[in-house]
Amino acid sequence: MARGRLAFLKNDEIRRIHETSLRVLGEVGIVVHNENVGKMLIAAGAEASKGERRILIPDSLVKASLISAPKSVLLAARDKSRDIRIPAGDRIRVANGGEGVYVKDLLTGESRPSTLRDLQDFMVLAESLPQVDFCWGMAAHWTNPRISRTSWS
């Protein structure tokens with residue numbers, strides 16, 4: 001059976017993106033707002049930046065993490081018979097996409113922040129589409145959490 005393969009980037013483009021990503025993670029780092037996650041990364045071999053606002057992740061940690069990461073993920077359903085493992089060797093799985101912080105109201109034409117009701121409506125819609133294998137939340141209702149600077153030492 002023939003299988004199609006979709007490729008947006010050439011191998012050298014993928015390699016350049018990967019090498020640049022490794023450099024950014026190691027030299028610029030990432031901001032981690034959860035203190036436990038920051039400590040976990042440091043224990044695994046990352047380090048806090050001089051100002052302790054970012055976590056610098058060396059390429060050796062990224063490479064080790066990629067090697068040890070599972071090659072598939074189980075998306076567990078409430079009903080175990082509907083569990084999905086991705087990637088699936090037998091077929092492509094389809095999900096709805098995105099998480100809109102703003103929605104356009106189809107009745108009024110108004111763009112507004114999304115609400116919990118929007119999330120509920122989108123999930124009902126996605127659940128009714130037979131082509132959709134699993135759902136991501138399509139709207140977000142944020143409450144402006146306070147994020148404070150944390151020390152990782």
# chains A, B, ... in the order shown; residues from 1 in each chain; ligands from 1
>>> residues_around(residues="Cys135 (chain A)", least_positions_apart="5", cutoff="10 Å", atoms="only C-alpha atoms", output="PyMOL selection string")
chain A and resi 94-97+122-123+126-127
>>> write_last_selection(atoms="C-alpha atoms", output="PDB file, in the first residue's frame")
ATOM      1  CA  VAL A  94      -7.503  14.304  13.462  1.00  0.00           C
ATOM      2  CA  ALA A  95      -8.091  16.936  16.146  1.00  0.00           C
ATOM      3  CA  ASN A  96      -9.717  20.313  16.136  1.00  0.00           C
ATOM      4  CA  GLY A  97      -7.160  23.063  16.456  1.00  0.00           C
ATOM      5  CA  PHE A 122     -16.964  24.451  20.698  1.00  0.00           C
ATOM      6  CA  MET A 123     -16.540  21.136  22.516  1.00  0.00           C
ATOM      7  CA  ALA A 126     -16.211  19.051  17.905  1.00  0.00           C
ATOM      8  CA  GLU A 127     -17.750  16.035  19.647  1.00  0.00           C
TER       9      GLU A 127
END
>>> closest_residue(among="A:Ile86, A:Ile14, A:Ile30, A:Val101", to="Pro70 (chain A)", atoms="only C-alpha atoms")
A:Ile86
>>> select_by_dssp(residues="region 21-89 of chain A", states="strand (DSSP E)", output="PyMOL selection string")
chain A and resi 47-48+55-56+73-75+84-86
>>> closest_residue(among="A:Leu106, A:Ile92, A:Glu99, A:Arg112", to="Gln131 (chain A)", atoms="only C-alpha atoms")
A:Ile92
>>> closest_residue(among="A:Glu110, A:Asp121, A:Asp133, A:Glu47", to="Val28 (chain A)", atoms="only C-alpha atoms")
A:Glu47
>>> closest_residue(among="A:Val124, A:Ala48, A:Val132, A:Ala69", to="Arg93 (chain A)", atoms="only C-alpha atoms")
A:Val132
>>> atom_distance(atom1="CA of Glu19 (chain A)", atom2="CA of Val62 (chain A)")
11.2 Å
>>> select_by_dssp(residues="region 56-137 of chain A", states="alpha helix (DSSP H)", output="ChimeraX atom specification")
/A:59-68,116-128
